[in-house]
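K.L.:
Below is final14.cif; it holds mmCIF, C-alpha atoms.
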```cif
data_query
loop_
_atom_site.group_PDB
_atom_site.id
_atom_site.type_symbol
_atom_site.label_atom_id
_atom_site.label_comp_id
_atom_site.auth_asym_id
_atom_site.auth_seq_id
_atom_site.Cartn_x
_atom_site.Cartn_y
_atom_site.Cartn_z
ATOM 1 C CA THR A 1 72.952 121.669 141.968
ATOM 2 C CA ALA A 2 71.655 118.652 143.829
ATOM 3 C CA GLN A 3 73.990 115.896 144.971
ATOM 4 C CA GLN A 4 73.608 112.384 146.379
ATOM 5 C CA VAL A 5 73.036 112.183 150.115
ATOM 6 C CA PRO A 6 75.738 110.101 151.821
ATOM 7 C CA PRO A 7 74.493 107.613 154.404
ATOM 8 C CA PRO A 8 74.814 109.098 157.893
ATOM 9 C CA ARG A 9 77.411 107.805 160.320
ATOM 10 C CA ALA A 10 75.739 105.834 163.114
ATOM 11 C CA PRO A 11 75.747 108.180 166.124
ATOM 12 C CA GLN A 12 76.435 106.717 169.541
ATOM 13 C CA THR A 13 75.273 109.644 171.670
ATOM 14 C CA ALA A 14 71.925 111.329 170.962
ATOM 15 C CA ASN A 15 72.504 114.434 173.069
ATOM 16 C CA PHE A 16 75.747 115.943 174.374
ATOM 17 C CA VAL A 17 77.558 119.161 175.203
ATOM 18 C CA ALA A 18 80.460 120.491 173.143
ATOM 19 C CA ARG A 19 82.693 123.254 174.491
ATOM 20 C CA VAL A 20 83.998 125.098 171.447
ATOM 21 C CA GLN A 21 86.467 127.989 171.339
ATOM 22 C CA PHE A 22 85.266 130.503 168.735
ATOM 23 C CA ALA A 23 87.365 133.436 167.515
ATOM 24 C CA ARG A 24 85.591 136.662 166.656
ATOM 25 C CA ASP A 25 87.521 137.168 163.405
ATOM 26 C CA ARG A 26 87.693 133.540 162.262
ATOM 27 C CA GLY A 27 84.077 132.626 161.509
ATOM 28 C CA MET A 28 82.119 129.700 162.882
ATOM 29 C CA GLY A 29 83.729 126.968 160.772
ATOM 30 C CA MET A 30 80.345 125.586 159.773
ATOM 31 C CA SER A 31 77.287 126.373 157.683
ATOM 32 C CA LEU A 32 73.913 126.392 159.376
ATOM 33 C CA ASP A 33 70.281 125.971 158.396
ATOM 34 C CA ILE A 34 68.562 128.658 160.414
ATOM 35 C CA THR A 35 64.954 127.795 161.226
ATOM 36 C CA PRO A 36 62.158 130.144 162.281
ATOM 37 C CA LYS A 37 62.065 128.296 165.596
ATOM 38 C CA ASP A 38 64.960 127.923 168.025
ATOM 39 C CA ARG A 39 66.858 125.230 166.107
ATOM 40 C CA LEU A 40 70.060 125.395 164.108
ATOM 41 C CA ARG A 41 70.946 122.479 161.825
ATOM 42 C CA ILE A 42 74.616 122.051 160.923
ATOM 43 C CA SER A 43 74.646 121.600 157.147
ATOM 44 C CA ASN A 44 78.425 121.708 156.638
ATOM 45 C CA ILE A 45 81.567 121.616 158.782
ATOM 46 C CA ASP A 46 84.670 123.293 157.357
ATOM 47 C CA ASP A 47 87.933 121.333 157.323
ATOM 48 C CA ASP A 48 89.502 124.012 159.476
ATOM 49 C CA GLY A 49 87.717 126.115 162.027
ATOM 50 C CA PRO A 50 86.418 125.893 165.583
ATOM 51 C CA ILE A 51 84.205 122.825 165.059
ATOM 52 C CA ALA A 52 86.965 120.893 163.267
ATOM 53 C CA GLU A 53 89.371 121.815 166.087
ATOM 54 C CA TYR A 54 86.865 120.630 168.699
ATOM 55 C CA ASN A 55 86.365 117.348 166.800
ATOM 56 C CA LYS A 56 90.115 116.631 166.744
ATOM 57 C CA GLY A 57 90.159 116.417 170.537
ATOM 58 C CA ALA A 58 86.761 114.768 171.089
ATOM 59 C CA GLU A 59 85.892 111.087 171.311
ATOM 60 C CA GLU A 60 84.268 109.933 168.068
ATOM 61 C CA ARG A 61 80.881 109.484 169.757
ATOM 62 C CA LEU A 62 81.038 113.127 170.929
ATOM 63 C CA GLN A 63 82.149 114.691 167.666
ATOM 64 C CA VAL A 64 79.882 117.238 166.027
ATOM 65 C CA MET A 65 78.586 115.925 162.687
ATOM 66 C CA GLU A 66 76.912 117.446 159.677
ATOM 67 C CA GLY A 67 73.173 117.131 160.199
ATOM 68 C CA ASP A 68 73.374 117.623 163.989
ATOM 69 C CA PHE A 69 71.216 120.263 165.654
ATOM 70 C CA ILE A 70 72.385 122.974 168.052
ATOM 71 C CA THR A 71 69.569 123.235 170.593
ATOM 72 C CA SER A 72 71.130 125.665 173.070
ATOM 73 C CA VAL A 73 74.123 127.976 173.307
ATOM 74 C CA ASN A 74 75.631 128.722 176.724
ATOM 75 C CA GLY A 75 72.620 127.080 178.337
ATOM 76 C CA SER A 76 70.087 129.283 176.552
ATOM 77 C CA ALA A 77 67.521 127.870 174.151
ATOM 78 C CA CYS A 78 67.008 131.336 172.662
ATOM 79 C CA ASP A 79 65.996 131.979 169.050
ATOM 80 C CA SER A 80 68.275 130.860 166.206
ATOM 81 C CA LYS A 81 69.619 134.313 165.352
ATOM 82 C CA SER A 82 70.641 134.962 168.975
ATOM 83 C CA LYS A 83 72.488 131.627 169.042
ATOM 84 C CA VAL A 84 74.437 132.597 165.923
ATOM 85 C CA ALA A 85 75.231 136.043 167.382
ATOM 86 C CA THR A 86 76.597 134.443 170.568
ATOM 87 C CA MET A 87 78.909 132.160 168.573
ATOM 88 C CA MET A 88 80.077 135.044 166.381
ATOM 89 C CA THR A 89 81.169 137.132 169.396
ATOM 90 C CA GLY A 90 83.913 134.600 170.103
ATOM 91 C CA GLY A 91 85.218 132.972 173.249
ATOM 92 C CA LEU A 92 84.441 129.615 174.827
ATOM 93 C CA VAL A 93 80.885 128.647 173.902
ATOM 94 C CA VAL A 94 78.944 125.691 175.286
ATOM 95 C CA LEU A 95 76.804 124.059 172.594
ATOM 96 C CA GLU A 96 74.115 121.516 173.357
ATOM 97 C CA ILE A 97 74.133 119.161 170.385
ATOM 98 C CA ARG A 98 71.319 116.813 169.475
ATOM 99 C CA ARG A 99 71.735 114.181 166.770
ATOM 100 C CA ALA A 100 69.328 114.171 163.861
ATOM 101 C CA HIS A 101 66.491 111.724 163.495
ATOM 102 C CA CYS A 102 66.085 111.203 159.734
ATOM 103 C CA PHE A 103 63.587 109.160 157.779
ATOM 104 C CA VAL A 104 62.311 109.016 154.212
ATOM 105 C CA VAL A 105 58.695 109.462 153.168
ATOM 106 C CA ARG A 106 58.510 107.436 149.963
ATOM 107 C CA GLY A 107 56.206 107.401 146.980
ATOM 108 C CA LEU A 108 54.358 110.691 147.278
ATOM 109 C CA ASP A 109 52.782 111.211 143.850
ATOM 110 C CA ALA A 110 52.345 114.924 143.297
ATOM 111 C CA THR A 111 50.374 114.211 140.105
ATOM 112 C CA GLN A 112 47.629 112.806 142.367
ATOM 113 C CA GLY A 113 47.143 115.967 144.421
ATOM 114 C CA LYS A 114 48.810 118.643 146.482
ATOM 115 C CA LEU A 115 51.420 117.758 149.092
ATOM 116 C CA GLY A 116 49.631 119.808 151.714
ATOM 117 C CA LEU A 117 52.755 121.470 153.124
ATOM 118 C CA ASP A 118 53.556 125.099 153.845
ATOM 119 C CA LEU A 119 57.312 125.432 153.252
ATOM 120 C CA THR A 120 59.823 128.195 153.786
ATOM 121 C CA PHE A 121 63.595 128.320 153.437
ATOM 122 C CA HIS A 122 66.643 130.450 154.108
ATOM 123 C CA ALA A 123 68.315 131.609 150.883
ATOM 124 C CA LYS A 124 71.733 130.246 151.921
ATOM 125 C CA GLY A 125 70.358 127.104 153.564
ATOM 126 C CA ARG A 126 70.418 123.446 152.595
ATOM 127 C CA ALA A 127 66.967 122.478 153.895
ATOM 128 C CA ALA A 128 63.317 123.438 153.448
ATOM 129 C CA TYR A 129 61.491 124.170 156.690
ATOM 130 C CA ILE A 130 57.978 122.761 157.119
ATOM 131 C CA LYS A 131 55.872 125.565 158.614
ATOM 132 C CA ALA A 132 52.652 123.543 158.533
ATOM 133 C CA VAL A 133 51.157 120.217 157.456
ATOM 134 C CA PHE A 134 47.635 120.910 156.229
ATOM 135 C CA SER A 135 44.662 118.748 157.164
ATOM 136 C CA GLU A 136 44.241 117.809 153.506
ATOM 137 C CA GLY A 137 46.799 116.606 151.003
ATOM 138 C CA LEU A 138 49.259 113.808 150.354
ATOM 139 C CA MET A 139 51.298 114.402 153.519
ATOM 140 C CA HIS A 140 48.207 114.317 155.744
ATOM 141 C CA SER A 141 47.243 110.989 154.104
ATOM 142 C CA HIS A 142 50.780 109.701 154.706
ATOM 143 C CA ASN A 143 50.612 110.753 158.367
ATOM 144 C CA LEU A 144 47.315 108.906 158.875
ATOM 145 C CA ALA A 145 48.653 105.744 157.189
ATOM 146 C CA SER A 146 52.136 105.841 158.786
ATOM 147 C CA PRO A 147 52.050 107.479 162.230
ATOM 148 C CA GLU A 148 55.524 106.062 163.026
ATOM 149 C CA SER A 149 56.947 108.397 160.360
ATOM 150 C CA GLU A 150 54.622 111.343 160.898
ATOM 151 C CA VAL A 151 55.808 114.577 159.302
ATOM 152 C CA ARG A 152 55.301 117.564 161.609
ATOM 153 C CA SER A 153 55.451 121.302 161.601
ATOM 154 C CA GLY A 154 59.073 122.239 162.370
ATOM 155 C CA ASP A 155 60.601 119.313 160.476
ATOM 156 C CA LEU A 156 63.150 119.917 157.732
ATOM 157 C CA ILE A 157 63.284 118.434 154.232
ATOM 158 C CA VAL A 158 66.986 117.781 153.601
ATOM 159 C CA ALA A 159 66.808 115.762 150.365
ATOM 160 C CA VAL A 160 64.348 115.087 147.561
ATOM 161 C CA ASN A 161 64.521 111.778 145.698
ATOM 162 C CA GLY A 162 67.815 111.036 147.449
ATOM 163 C CA ARG A 163 69.444 114.270 146.358
ATOM 164 C CA ALA A 164 70.593 117.072 148.648
ATOM 165 C CA GLY A 165 71.202 120.610 147.486
ATOM 166 C CA SER A 166 70.485 124.221 148.295
ATOM 167 C CA SER A 167 67.146 124.955 149.894
ATOM 168 C CA ARG A 168 66.049 126.563 146.601
ATOM 169 C CA ASP A 169 67.025 123.375 144.703
ATOM 170 C CA LEU A 170 64.959 121.273 147.121
ATOM 171 C CA VAL A 171 61.881 123.485 146.792
ATOM 172 C CA ASP A 172 62.260 123.478 142.989
ATOM 173 C CA LEU A 173 62.462 119.657 142.960
ATOM 174 C CA ILE A 174 59.347 119.438 145.125
ATOM 175 C CA SER A 175 57.494 121.944 142.920
ATOM 176 C CA SER A 176 58.379 120.025 139.760
ATOM 177 C CA GLY A 177 55.869 117.341 140.812
ATOM 178 C CA GLY A 178 55.916 113.684 139.926
ATOM 179 C CA LYS A 179 56.887 110.953 142.369
ATOM 180 C CA LEU A 180 58.698 112.272 145.421
ATOM 181 C CA ASP A 181 60.738 110.664 148.173
ATOM 182 C CA LEU A 182 61.371 113.263 150.891
ATOM 183 C CA THR A 183 64.156 112.887 153.463
ATOM 184 C CA ILE A 184 62.933 114.450 156.692
ATOM 185 C CA SER A 185 65.163 115.552 159.586
ATOM 186 C CA ARG A 186 64.412 116.689 163.127
ATOM 187 C CA PRO A 187 66.350 116.616 166.408
ATOM 188 C CA ASP A 188 66.371 113.150 167.957
ATOM 189 C CA GLU A 189 63.918 113.043 170.840
ATOM 190 C CA GLN A 190 65.720 110.368 172.889
#
```
Would you give me this structure, written as C-alpha cells?
P.N.:
Amino acid sequence: TAQQVPPPRAPQTANFVARVQFARDRGMGMSLDITPKDRLRISNIDDDGPIAEYNKGAEERLQVMEGDFITSVNGSACDSKSKVATMMTGGLVVLEIRRAHCFVVRGLDATQGKLGLDLTFHAKGRAAYIKAVFSEGLMHSHNLASPESEVRSGDLIVAVNGRAGSSRDLVDLISSGGKLDLTISRPDEQ
C-alpha cells in the first residue's frame, strides 16, 4: 500500500565516501532500488545492520540516508548487480554516495493524453525507472515548458500524488489516470 512521503532531511554533503564493514552472512542492512543502469537507490535502511552501524560513527552530514544513491563500490562504477554482489561478499567496502535531487512535476492530467513515458520497475523495488521520455506526450510538454525540472531517461519516480509505495503500487497509480503529481529522483549533479 502507498504511504505519505516524509520530507527529506536537508543534506549538507552532496557526494561522499562511506567505508562500511559488511558481513557475508548478515545481509546488507538496506533495501535497494536496482536500476538498469549503474545506479543503486537506497530505499530503506534497517535499524540494525552495516549501514546503521556506519551511521552511528559518522558525522550527521556524512550519514547514509534513505533516498541516497550508491554510484560506485570499491572505486568501480560497474553495473548495479555487480555492486550488490560486491557488498554481499562481505568485508570492508568503500561506497561512493551521492545525495538525491528530488522535485515534483505537478498537475499532469492523464485524461488529456498519454504521459509519454516508458517505465520499468524491479518487483521488490520502491521506484519506477524511466527508460525513455517520448517526443510526444504530457511529459514532453512539461519538459518544454519547465526545462529547470526536466524529466530524463534514467530518472526514478519515487512517489505519485505524494504517496510512496512499492514500484507496482506506483505504476498502478500512474496507470489509473487522472491528475498526477510525480516525485522524481536522480543523483545530485553537484
K.L.:
Report, in Å with one decimal, the straight-line distance from CA of Leu40 (chain A) to CA of Thr71 (chain A).
P.N.:
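It comes out at 6.9 Å.
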K.L.:
Where does the PyMOL selection byres ((chain A and resi 171-182) around 12) land in this file, that is, which residues does it pick, as a PyMOL selection string?
P.N.:
chain A and resi 1-2+5+102-123+125-130+138-139+142+149+151+155-170+183-185
K.L.:
Could you check which of A:Phe16, A:Gly29, A:Gly67, A:Glu136 is closest to Ala100 (chain A), using only C-alpha atoms?
P.N.:
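Once distances to Ala100 (chain A) are computed over only C-alpha atoms, the minimum belongs to A:Gly67.
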K.L.:
Report, in Å to a single decimal, how far apart CA of Asp38 (chain A) and CA of Ser76 (chain A) are.
P.N.:
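Calculated distance between CA of Ser76 (chain A) and CA of Asp38 (chain A) is 10.0 Å.
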K.L.:
Enumerate, as a ChimeraX atom specification, the residues matched when the PyMOL selection byres ((chain A and resi 36) around 9) is run on the file above.
P.N.:
/A:34-35,37-39,79-80,129,131,154
K.L.:
One decimal, in Å: what's the spacing between CA of Lys124 (chain A) and CA of Thr13 (chain A)?
P.N.:
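Atom-to-atom, CA of Lys124 (chain A) and CA of Thr13 (chain A) are spaced 28.8 Å apart.
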K.L.:
Taking the file as shown, what set of residues would the PyMOL selection byres ((chain A and resi 52) around 12) give back, as number ranges by chain?
P.N.:
A: 18, 20-22, 28-30, 44-51, 53-58, 63-66
K.L.:
For Asp25 (chain A), list every protein, DNA or RNA residue within 9 Å, evaluated using all atoms listed in the file, and leave out those in the same chain fewer than 2 positions away; present the list as a list in words.
P.N.:
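What passes the distance filter is Phe22, Ala23, Gly27, Met88, Thr89 and Gly90 of chain A.
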K.L.:
For Phe69 (chain A), which residue among A:Ala14, A:Ile97, A:Val133, A:Leu144 is the nearest when counting all atoms listed in the file?
P.N.:
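Counting all atoms listed in the file, the residue closest to Phe69 (chain A) is A:Ile97.
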K.L.:
Place a sphere of radius 10 Å on (77.9, 129.2, 174.9) in the file coordinates and name every protein, DNA or RNA residue with an atom inside or on its surface, counting all atoms listed in the file; give the answer as a list in words.
P.N.:
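Those within range, by chain then number, are Ala18, Arg19, Val20, Gln21, Phe22, Ser72, Val73, Asn74, Gly75, Ser76, Lys83, Thr86, Met87, Gly90, Gly91, Leu92, Val93, Val94, Leu95 and Glu96 of chain A.
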K.L.:
Edge lengths and centre in Å to one decimal, as lines of an AutoDock Vina configuration file, of the axis-aligned box that encloses all listed atoms of region 125-135 of chain A with 4 Å added on every side?
P.N.:
```
center_x = 57.5
center_y = 122.9
center_z = 155.6
size_x = 33.8
size_y = 16.4
size_z = 14.0
```
K.L.:
Point out the residue among A:Ile70, A:Glu60, A:Val17, A:Arg98 with the least atom-to-atom distance to Leu32 (chain A), counting all atoms listed in the file.
P.N.:
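That would be A:Ile70, the residue with the smallest distance to Leu32 (chain A).
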K.L.:
I'd like to know which of A:Arg99, A:Ser141, A:Ser153, A:Pro147 is closest to Asn15 (chain A), using only C-alpha atoms.
P.N.:
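Of A:Arg99, A:Ser141, A:Ser153, A:Pro147, the one nearest Asn15 (chain A) is A:Arg99, counting only C-alpha atoms.
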K.L.:
Quick one: of A:His140, A:Arg24, A:His101, A:Arg61, who's nearest to Ala85 (chain A), counting all atoms listed in the file?
P.N.:
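The shortest atom-to-atom distance to Ala85 (chain A) comes from A:Arg24.
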